[in-house]
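Structure data (mmCIF, N, CA and C atoms) from input.cif:
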data_entry
#
loop_
_atom_site.group_PDB
_atom_site.id
_atom_site.type_symbol
_atom_site.label_atom_id
_atom_site.label_comp_id
_atom_site.auth_asym_id
_atom_site.auth_seq_id
_atom_site.Cartn_x
_atom_site.Cartn_y
_atom_site.Cartn_z
ATOM 1 N N MET I 9 -137.680 97.486 -27.608
ATOM 2 C CA MET I 9 -137.231 97.117 -28.931
ATOM 3 C C MET I 9 -137.964 95.868 -29.414
ATOM 4 N N ARG I 10 -137.969 94.846 -28.556
ATOM 5 C CA ARG I 10 -138.603 93.581 -28.959
ATOM 6 C C ARG I 10 -140.096 93.771 -29.179
ATOM 7 N N ALA I 11 -140.743 94.519 -28.272
ATOM 8 C CA ALA I 11 -142.184 94.757 -28.415
ATOM 9 C C ALA I 11 -142.466 95.523 -29.705
ATOM 10 N N GLY I 12 -141.619 96.494 -30.028
ATOM 11 C CA GLY I 12 -141.786 97.249 -31.264
ATOM 12 C C GLY I 12 -141.604 96.375 -32.489
ATOM 13 N N GLN I 13 -140.657 95.450 -32.409
ATOM 14 C CA GLN I 13 -140.461 94.525 -33.525
ATOM 15 C C GLN I 13 -141.696 93.641 -33.692
ATOM 16 N N ASP I 14 -142.173 93.095 -32.569
ATOM 17 C CA ASP I 14 -143.338 92.221 -32.619
ATOM 18 C C ASP I 14 -144.570 92.950 -33.140
ATOM 19 N N ALA I 15 -144.715 94.237 -32.765
ATOM 20 C CA ALA I 15 -145.870 95.027 -33.199
ATOM 21 C C ALA I 15 -145.702 95.574 -34.608
ATOM 22 N N GLY I 16 -144.487 95.498 -35.145
ATOM 23 C CA GLY I 16 -144.228 96.006 -36.482
ATOM 24 C C GLY I 16 -143.918 97.499 -36.529
ATOM 25 N N THR I 17 -143.834 98.155 -35.351
ATOM 26 C CA THR I 17 -143.547 99.592 -35.328
ATOM 27 C C THR I 17 -142.056 99.878 -35.325
ATOM 28 N N ASN I 18 -141.248 98.878 -35.006
ATOM 29 C CA ASN I 18 -139.793 99.023 -34.982
ATOM 30 C C ASN I 18 -139.188 97.755 -35.582
ATOM 31 N N PRO I 19 -139.401 97.534 -36.887
ATOM 32 C CA PRO I 19 -138.990 96.267 -37.497
ATOM 33 C C PRO I 19 -137.497 95.990 -37.440
ATOM 34 N N LEU I 20 -136.680 97.032 -37.356
ATOM 35 C CA LEU I 20 -135.228 96.839 -37.322
ATOM 36 C C LEU I 20 -134.697 96.632 -35.908
ATOM 37 N N GLY I 21 -135.548 96.803 -34.889
ATOM 38 C CA GLY I 21 -135.116 96.623 -33.499
ATOM 39 C C GLY I 21 -134.137 97.684 -33.049
ATOM 40 N N LEU I 22 -134.305 98.923 -33.523
ATOM 41 C CA LEU I 22 -133.385 100.006 -33.187
ATOM 42 C C LEU I 22 -133.633 100.512 -31.773
ATOM 43 N N ILE I 23 -132.571 100.989 -31.125
ATOM 44 C CA ILE I 23 -132.715 101.551 -29.784
ATOM 45 C C ILE I 23 -133.491 102.855 -29.834
ATOM 46 N N PHE I 24 -133.197 103.695 -30.819
ATOM 47 C CA PHE I 24 -133.880 104.970 -31.001
ATOM 48 C C PHE I 24 -134.479 105.019 -32.406
ATOM 49 N N PRO I 25 -135.570 104.306 -32.637
ATOM 50 C CA PRO I 25 -136.130 104.320 -33.988
ATOM 51 C C PRO I 25 -136.822 105.649 -34.285
ATOM 52 N N SER I 26 -136.870 105.990 -35.552
ATOM 53 C CA SER I 26 -137.635 107.168 -35.959
ATOM 54 C C SER I 26 -139.116 106.849 -35.789
ATOM 55 N N THR I 27 -139.959 107.832 -36.017
ATOM 56 C CA THR I 27 -141.396 107.609 -35.871
ATOM 57 C C THR I 27 -141.916 106.560 -36.846
ATOM 58 N N ARG I 28 -141.164 106.318 -37.911
ATOM 59 C CA ARG I 28 -141.544 105.284 -38.885
ATOM 60 C C ARG I 28 -140.820 103.956 -38.646
ATOM 61 N N GLY I 29 -140.085 103.856 -37.536
ATOM 62 C CA GLY I 29 -139.391 102.615 -37.213
ATOM 63 C C GLY I 29 -138.110 102.396 -37.987
ATOM 64 N N ARG I 30 -137.565 103.438 -38.541
ATOM 65 C CA ARG I 30 -136.345 103.351 -39.349
ATOM 66 C C ARG I 30 -135.227 104.143 -38.684
ATOM 67 N N HIS I 31 -134.085 104.226 -39.374
ATOM 68 C CA HIS I 31 -132.962 105.032 -38.904
ATOM 69 C C HIS I 31 -133.312 106.512 -39.019
ATOM 70 N N TRP I 32 -132.834 107.307 -38.059
ATOM 71 C CA TRP I 32 -133.011 108.759 -38.105
ATOM 72 C C TRP I 32 -131.995 109.360 -39.064
ATOM 73 N N ARG I 33 -132.343 110.458 -39.693
ATOM 74 C CA ARG I 33 -131.344 111.296 -40.345
ATOM 75 C C ARG I 33 -130.603 111.978 -39.212
ATOM 76 N N SER I 34 -129.307 112.181 -39.356
ATOM 77 C CA SER I 34 -128.521 112.722 -38.244
ATOM 78 C C SER I 34 -129.034 114.074 -37.772
ATOM 79 N N SER I 35 -129.446 114.936 -38.700
ATOM 80 C CA SER I 35 -129.935 116.260 -38.293
ATOM 81 C C SER I 35 -131.244 116.150 -37.519
ATOM 82 N N ASN I 36 -132.139 115.267 -37.938
ATOM 83 C CA ASN I 36 -133.397 115.075 -37.215
ATOM 84 C C ASN I 36 -133.160 114.466 -35.843
ATOM 85 N N PHE I 37 -132.252 113.483 -35.768
ATOM 86 C CA PHE I 37 -131.936 112.848 -34.491
ATOM 87 C C PHE I 37 -131.392 113.886 -33.523
ATOM 88 N N ALA I 38 -130.455 114.714 -33.987
ATOM 89 C CA ALA I 38 -129.854 115.723 -33.122
ATOM 90 C C ALA I 38 -130.890 116.728 -32.631
ATOM 91 N N ARG I 39 -131.771 117.161 -33.521
ATOM 92 C CA ARG I 39 -132.746 118.197 -33.172
ATOM 93 C C ARG I 39 -133.901 117.648 -32.330
ATOM 94 N N ARG I 40 -134.421 116.493 -32.717
ATOM 95 C CA ARG I 40 -135.631 115.983 -32.065
ATOM 96 C C ARG I 40 -135.379 115.130 -30.834
ATOM 97 N N LEU I 41 -134.241 114.465 -30.763
ATOM 98 C CA LEU I 41 -133.983 113.540 -29.665
ATOM 99 C C LEU I 41 -132.808 113.975 -28.805
ATOM 100 N N LEU I 42 -131.683 114.223 -29.439
ATOM 101 C CA LEU I 42 -130.457 114.487 -28.698
ATOM 102 C C LEU I 42 -130.477 115.830 -27.974
ATOM 103 N N ALA I 43 -130.870 116.899 -28.649
ATOM 104 C CA ALA I 43 -130.889 118.221 -28.015
ATOM 105 C C ALA I 43 -131.805 118.257 -26.785
ATOM 106 N N PRO I 44 -133.035 117.731 -26.862
ATOM 107 C CA PRO I 44 -133.873 117.715 -25.661
ATOM 108 C C PRO I 44 -133.296 116.841 -24.543
ATOM 109 N N ALA I 45 -132.632 115.742 -24.906
ATOM 110 C CA ALA I 45 -132.030 114.876 -23.889
ATOM 111 C C ALA I 45 -130.871 115.580 -23.193
ATOM 112 N N TYR I 46 -130.023 116.277 -23.959
ATOM 113 C CA TYR I 46 -128.928 117.057 -23.366
ATOM 114 C C TYR I 46 -129.477 118.086 -22.388
ATOM 115 N N LEU I 47 -130.522 118.774 -22.783
ATOM 116 C CA LEU I 47 -131.133 119.812 -21.956
ATOM 117 C C LEU I 47 -131.730 119.203 -20.686
ATOM 118 N N ALA I 48 -132.464 118.113 -20.830
ATOM 119 C CA ALA I 48 -133.091 117.452 -19.677
ATOM 120 C C ALA I 48 -132.055 116.938 -18.685
ATOM 121 N N ALA I 49 -130.917 116.473 -19.202
ATOM 122 C CA ALA I 49 -129.857 115.952 -18.328
ATOM 123 C C ALA I 49 -129.012 117.060 -17.720
ATOM 124 N N GLY I 50 -129.200 118.299 -18.195
ATOM 125 C CA GLY I 50 -128.399 119.411 -17.695
ATOM 126 C C GLY I 50 -127.013 119.473 -18.303
ATOM 127 N N TRP I 51 -126.818 118.789 -19.428
ATOM 128 C CA TRP I 51 -125.502 118.766 -20.071
ATOM 129 C C TRP I 51 -125.312 119.919 -21.037
ATOM 130 N N ARG I 52 -126.404 120.576 -21.401
ATOM 131 C CA ARG I 52 -126.344 121.739 -22.285
ATOM 132 C C ARG I 52 -127.360 122.762 -21.797
ATOM 133 N N ASP I 53 -127.118 124.015 -22.126
ATOM 134 C CA ASP I 53 -128.086 125.056 -21.796
ATOM 135 C C ASP I 53 -129.061 125.215 -22.969
ATOM 136 N N PRO I 54 -130.097 126.057 -22.822
ATOM 137 C CA PRO I 54 -131.073 126.208 -23.910
ATOM 138 C C PRO I 54 -130.461 126.666 -25.240
ATOM 139 N N ALA I 55 -129.319 127.340 -25.186
ATOM 140 C CA ALA I 55 -128.658 127.776 -26.424
ATOM 141 C C ALA I 55 -127.845 126.646 -27.065
ATOM 142 N N GLY I 56 -127.744 125.507 -26.383
ATOM 143 C CA GLY I 56 -127.001 124.375 -26.936
ATOM 144 C C GLY I 56 -125.553 124.309 -26.513
ATOM 145 N N ASN I 57 -125.150 125.164 -25.576
ATOM 146 C CA ASN I 57 -123.756 125.175 -25.112
ATOM 147 C C ASN I 57 -123.580 124.222 -23.939
ATOM 148 N N GLY I 58 -122.498 123.482 -23.940
ATOM 149 C CA GLY I 58 -122.208 122.576 -22.844
ATOM 150 C C GLY I 58 -120.997 121.725 -23.148
ATOM 151 N N PRO I 59 -120.494 121.034 -22.132
ATOM 152 C CA PRO I 59 -119.248 120.286 -22.286
ATOM 153 C C PRO I 59 -119.387 118.929 -22.987
ATOM 154 N N TRP I 60 -120.577 118.340 -22.994
ATOM 155 C CA TRP I 60 -120.716 116.988 -23.514
ATOM 156 C C TRP I 60 -121.186 116.984 -24.961
ATOM 157 N N THR I 61 -120.593 116.079 -25.727
ATOM 158 C CA THR I 61 -121.020 115.844 -27.096
ATOM 159 C C THR I 61 -121.317 114.358 -27.244
ATOM 160 N N TRP I 62 -121.939 114.005 -28.342
ATOM 161 C CA TRP I 62 -122.208 112.596 -28.613
ATOM 162 C C TRP I 62 -120.896 111.808 -28.614
ATOM 163 N N HIS I 63 -119.877 112.388 -29.206
ATOM 164 C CA HIS I 63 -118.582 111.715 -29.297
ATOM 165 C C HIS I 63 -117.940 111.554 -27.914
ATOM 166 N N SER I 64 -117.996 112.591 -27.083
ATOM 167 C CA SER I 64 -117.396 112.473 -25.753
ATOM 168 C C SER I 64 -118.126 111.435 -24.910
ATOM 169 N N LEU I 65 -119.430 111.290 -25.115
ATOM 170 C CA LEU I 65 -120.183 110.269 -24.387
ATOM 171 C C LEU I 65 -119.757 108.865 -24.808
ATOM 172 N N ARG I 66 -119.359 108.695 -26.065
ATOM 173 C CA ARG I 66 -118.823 107.401 -26.503
ATOM 174 C C ARG I 66 -117.549 107.068 -25.729
ATOM 175 N N HIS I 67 -116.693 108.087 -25.541
ATOM 176 C CA HIS I 67 -115.453 107.869 -24.784
ATOM 177 C C HIS I 67 -115.757 107.527 -23.326
ATOM 178 N N VAL I 68 -116.715 108.205 -22.738
ATOM 179 C CA VAL I 68 -117.107 107.908 -21.354
ATOM 180 C C VAL I 68 -117.591 106.465 -21.265
ATOM 181 N N PHE I 69 -118.445 106.059 -22.204
ATOM 182 C CA PHE I 69 -118.947 104.690 -22.192
ATOM 183 C C PHE I 69 -117.806 103.681 -22.294
ATOM 184 N N CYS I 70 -116.933 103.847 -23.295
ATOM 185 C CA CYS I 70 -115.856 102.883 -23.519
ATOM 186 C C CYS I 70 -114.916 102.807 -22.317
ATOM 187 N N THR I 71 -114.551 103.946 -21.773
ATOM 188 C CA THR I 71 -113.646 103.968 -20.625
ATOM 189 C C THR I 71 -114.291 103.301 -19.416
ATOM 190 N N THR I 72 -115.560 103.611 -19.166
ATOM 191 C CA THR I 72 -116.275 103.012 -18.037
ATOM 192 C C THR I 72 -116.424 101.511 -18.233
ATOM 193 N N ALA I 73 -116.799 101.103 -19.444
ATOM 194 C CA ALA I 73 -116.978 99.679 -19.715
ATOM 195 C C ALA I 73 -115.687 98.893 -19.502
ATOM 196 N N LEU I 74 -114.570 99.459 -19.931
ATOM 197 C CA LEU I 74 -113.291 98.756 -19.815
ATOM 198 C C LEU I 74 -112.723 98.764 -18.404
ATOM 199 N N PHE I 75 -112.733 99.934 -17.771
ATOM 200 C CA PHE I 75 -111.987 100.080 -16.520
ATOM 201 C C PHE I 75 -112.832 100.031 -15.256
ATOM 202 N N THR I 76 -114.137 100.244 -15.351
ATOM 203 C CA THR I 76 -114.996 100.152 -14.168
ATOM 204 C C THR I 76 -115.772 98.842 -14.171
ATOM 205 N N TRP I 77 -116.334 98.505 -15.322
ATOM 206 C CA TRP I 77 -117.128 97.283 -15.418
ATOM 207 C C TRP I 77 -116.292 96.080 -15.818
ATOM 208 N N ASP I 78 -115.021 96.290 -16.150
ATOM 209 C CA ASP I 78 -114.114 95.209 -16.561
ATOM 210 C C ASP I 78 -114.675 94.364 -17.701
ATOM 211 N N MET I 79 -115.301 95.024 -18.669
ATOM 212 C CA MET I 79 -115.817 94.297 -19.830
ATOM 213 C C MET I 79 -114.670 93.875 -20.741
ATOM 214 N N ASP I 80 -114.899 92.831 -21.481
ATOM 215 C CA ASP I 80 -113.925 92.341 -22.433
ATOM 216 C C ASP I 80 -113.759 93.385 -23.549
ATOM 217 N N PRO I 81 -112.518 93.721 -23.906
ATOM 218 C CA PRO I 81 -112.298 94.711 -24.966
ATOM 219 C C PRO I 81 -112.977 94.370 -26.293
ATOM 220 N N ALA I 82 -113.098 93.092 -26.610
ATOM 221 C CA ALA I 82 -113.775 92.705 -27.853
ATOM 222 C C ALA I 82 -115.252 93.091 -27.808
ATOM 223 N N ASP I 83 -115.884 92.929 -26.646
ATOM 224 C CA ASP I 83 -117.289 93.311 -26.508
ATOM 225 C C ASP I 83 -117.452 94.830 -26.587
ATOM 226 N N VAL I 84 -116.554 95.551 -25.938
ATOM 227 C CA VAL I 84 -116.607 97.014 -25.984
ATOM 228 C C VAL I 84 -116.406 97.490 -27.414
ATOM 229 N N SER I 85 -115.500 96.871 -28.119
ATOM 230 C CA SER I 85 -115.244 97.223 -29.515
ATOM 231 C C SER I 85 -116.508 97.066 -30.356
ATOM 232 N N ARG I 86 -117.208 95.948 -30.171
ATOM 233 C CA ARG I 86 -118.446 95.716 -30.919
ATOM 234 C C ARG I 86 -119.514 96.739 -30.547
ATOM 235 N N LEU I 87 -119.672 96.985 -29.247
ATOM 236 C CA LEU I 87 -120.693 97.934 -28.798
ATOM 237 C C LEU I 87 -120.402 99.359 -29.278
ATOM 238 N N ALA I 88 -119.129 99.700 -29.352
ATOM 239 C CA ALA I 88 -118.744 101.042 -29.792
ATOM 240 C C ALA I 88 -118.819 101.190 -31.309
ATOM 241 N N GLY I 89 -118.926 100.069 -31.998
ATOM 242 C CA GLY I 89 -118.993 100.129 -33.465
ATOM 243 C C GLY I 89 -117.643 100.327 -34.119
ATOM 244 N N HIS I 90 -116.566 99.998 -33.397
ATOM 245 C CA HIS I 90 -115.239 100.112 -33.994
ATOM 246 C C HIS I 90 -115.068 99.043 -35.068
ATOM 247 N N ALA I 91 -114.323 99.356 -36.098
ATOM 248 C CA ALA I 91 -114.127 98.433 -37.217
ATOM 249 C C ALA I 91 -113.420 97.155 -36.780
ATOM 250 N N ASN I 92 -112.557 97.270 -35.770
ATOM 251 C CA ASN I 92 -111.874 96.091 -35.253
ATOM 252 C C ASN I 92 -111.410 96.370 -33.817
ATOM 253 N N ILE I 93 -111.048 95.317 -33.121
ATOM 254 C CA ILE I 93 -110.664 95.447 -31.712
ATOM 255 C C ILE I 93 -109.388 96.263 -31.541
ATOM 256 N N ARG I 94 -108.540 96.271 -32.556
ATOM 257 C CA ARG I 94 -107.283 97.024 -32.471
ATOM 258 C C ARG I 94 -107.533 98.510 -32.207
ATOM 259 N N ILE I 95 -108.578 99.054 -32.800
ATOM 260 C CA ILE I 95 -108.919 100.462 -32.571
ATOM 261 C C ILE I 95 -109.223 100.688 -31.098
ATOM 262 N N THR I 96 -110.015 99.817 -30.511
ATOM 263 C CA THR I 96 -110.365 99.933 -29.090
ATOM 264 C C THR I 96 -109.127 99.800 -28.223
ATOM 265 N N LEU I 97 -108.305 98.816 -28.512
ATOM 266 C CA LEU I 97 -107.097 98.594 -27.715
ATOM 267 C C LEU I 97 -106.150 99.790 -27.803
ATOM 268 N N ASP I 98 -105.921 100.280 -29.012
ATOM 269 C CA ASP I 98 -105.022 101.424 -29.190
ATOM 270 C C ASP I 98 -105.569 102.673 -28.523
ATOM 271 N N MET I 99 -106.865 102.901 -28.667
ATOM 272 C CA MET I 99 -107.461 104.141 -28.185
ATOM 273 C C MET I 99 -107.589 104.173 -26.661
ATOM 274 N N TYR I 100 -107.975 103.063 -26.055
ATOM 275 C CA TYR I 100 -108.302 103.094 -24.634
ATOM 276 C C TYR I 100 -107.319 102.370 -23.728
ATOM 277 N N ILE I 101 -106.703 101.334 -24.216
ATOM 278 C CA ILE I 101 -105.817 100.572 -23.340
ATOM 279 C C ILE I 101 -104.366 100.943 -23.570
ATOM 280 N N GLY I 102 -103.931 100.927 -24.811
ATOM 281 C CA GLY I 102 -102.539 101.238 -25.109
ATOM 282 C C GLY I 102 -102.142 102.646 -24.720
ATOM 283 N N THR I 103 -103.030 103.601 -24.943
ATOM 284 C CA THR I 103 -102.680 104.993 -24.674
ATOM 285 C C THR I 103 -102.917 105.402 -23.231
ATOM 286 N N THR I 104 -103.756 104.650 -22.503
ATOM 287 C CA THR I 104 -104.038 105.050 -21.122
ATOM 288 C C THR I 104 -103.136 104.348 -20.110
ATOM 289 N N ALA I 105 -102.569 103.208 -20.489
ATOM 290 C CA ALA I 105 -101.725 102.479 -19.558
ATOM 291 C C ALA I 105 -100.519 103.325 -19.148
ATOM 292 N N GLY I 106 -100.427 103.640 -17.880
ATOM 293 C CA GLY I 106 -99.297 104.397 -17.354
ATOM 294 C C GLY I 106 -99.398 105.907 -17.543
ATOM 295 N N THR I 107 -100.445 106.381 -18.167
ATOM 296 C CA THR I 107 -100.564 107.817 -18.443
ATOM 297 C C THR I 107 -100.575 108.633 -17.159
ATOM 298 N N LEU I 108 -101.367 108.233 -16.186
ATOM 299 C CA LEU I 108 -101.450 108.987 -14.934
ATOM 300 C C LEU I 108 -100.124 108.964 -14.186
ATOM 301 N N ASP I 109 -99.460 107.812 -14.174
ATOM 302 C CA ASP I 109 -98.149 107.734 -13.514
ATOM 303 C C ASP I 109 -97.138 108.647 -14.195
ATOM 304 N N ARG I 110 -97.123 108.658 -15.518
ATOM 305 C CA ARG I 110 -96.186 109.537 -16.241
ATOM 306 C C ARG I 110 -96.532 110.998 -15.998
ATOM 307 N N ALA I 111 -97.802 111.337 -15.943
ATOM 308 C CA ALA I 111 -98.197 112.724 -15.689
ATOM 309 C C ALA I 111 -97.798 113.148 -14.272
ATOM 310 N N ARG I 112 -97.996 112.268 -13.314
ATOM 311 C CA ARG I 112 -97.623 112.565 -11.928
ATOM 312 C C ARG I 112 -96.111 112.789 -11.819
ATOM 313 N N THR I 113 -95.342 111.906 -12.440
ATOM 314 C CA THR I 113 -93.881 112.041 -12.417
ATOM 315 C C THR I 113 -93.434 113.341 -13.080
ATOM 316 N N ALA I 114 -94.039 113.671 -14.180
ATOM 317 C CA ALA I 114 -93.654 114.869 -14.922
ATOM 318 C C ALA I 114 -93.973 116.156 -14.169
ATOM 319 N N THR I 115 -94.960 116.115 -13.290
ATOM 320 C CA THR I 115 -95.385 117.341 -12.596
ATOM 321 C C THR I 115 -94.884 117.419 -11.158
ATOM 322 N N GLU I 116 -94.084 116.490 -10.742
ATOM 323 C CA GLU I 116 -93.568 116.530 -9.366
ATOM 324 C C GLU I 116 -92.416 117.511 -9.234
#
Take the structure from the file and write it as structure tokens.
Amino acid sequence: MRAGQDAGTNPLGLIFPSTRGRHWRSSNFARRLLAPAYLAAGWRDPAGNGPWTWHSLRHVFCTTALFTWDMDPADVSRLAGHANIRITLDMYIGTTAGTLDRARTATE
């Protein structure tokens, strides 16, 4: 990113810049970058079928960042692009606290 900014090929410092160093259109990003990456990772078959989506990967990231890496919820909120920390807290901490214990109790 930094080298691209310095060279002028990625002036915005994007993680996945388009060939012109700008934001991708969502359809182009999905077709040119995301679909081949899903296929290479084995997350989708050549027809595009598979269990992982861009959205589900966001959930994997947030859950891992909070509960495995013990990151601060405010940092995870910023990285996830949530409008405010309350969204992160409600979605990942408030709803997951005690969920497994309640499920275990309910199924015993």
Taking every listed atom of region 14-26 of chain I and adding 5 Å to each side, what centre and edge lengths in Å (one decimal) does the axis-aligned box have, as lines of an AutoDock Vina configuration file?
center_x = -139.2
center_y = 99.7
center_z = -33.6
size_x = 23.3
size_y = 24.9
size_z = 17.7
Rounded to one decimal, what separation in Å do you get between atom C of Pro19 (chain I) and CA of Ile95 (chain I)?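 Pair atom C of Pro19 (chain I) / CA of Ile95 (chain I) returns 29.3 Å.
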Given the file shown, determine the residues that the PyMOL selection byres (((chain I and resi 66 and name CA) around 12) and name CA) selects; report them as a list of chain:residue names.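 Applying the PyMOL selection byres (((chain I and resi 66 and name CA) around 12) and name CA) to the structure shown produces I:Trp60, I:Thr61, I:Trp62, I:His63, I:Ser64, I:Leu65, I:His67, I:Val68, I:Phe69, I:Cys70, I:Thr71, I:Thr72, I:Ala73, I:Val84, I:Ser85, I:Leu87, I:Ala88, I:Gly89, I:His90, I:Thr96, I:Met99, I:Tyr100.
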Rounded to one decimal place, report the atom C of Pro54 (chain I)-CA of Arg39 (chain I) distance in Å. 11.8 Å
I'd like the interatomic distance between CA of Asp98 (chain I) and CA of Asp80 (chain I), to a tenth of an Å.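 Distance reported for this atom pair: 14.4 Å.
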Residues near Leu42 (chain I), anyone? I mean within 12 Å using only C-alpha atoms, not counting same-chain ones fewer than 3 positions away, as a VMD selection string. chain I and resid 24 32 34 to 39 45 to 49 51 to 52 56 60 to 62 65
In chain I, what's helix (DSSP H, G or I) per DSSP? Answer as JSON, numbers by chain? {"I": [10, 11, 12, 13, 14, 15, 34, 35, 36, 37, 38, 39, 40, 41, 42, 43, 44, 45, 46, 47, 48, 49, 62, 63, 64, 65, 66, 67, 68, 69, 70, 71, 72, 73, 74, 75, 81, 82, 83, 84, 85, 86, 87, 88, 93, 94, 95, 96, 97, 98, 99, 100, 101, 102, 107, 108, 109, 110, 111, 112, 113, 114]}
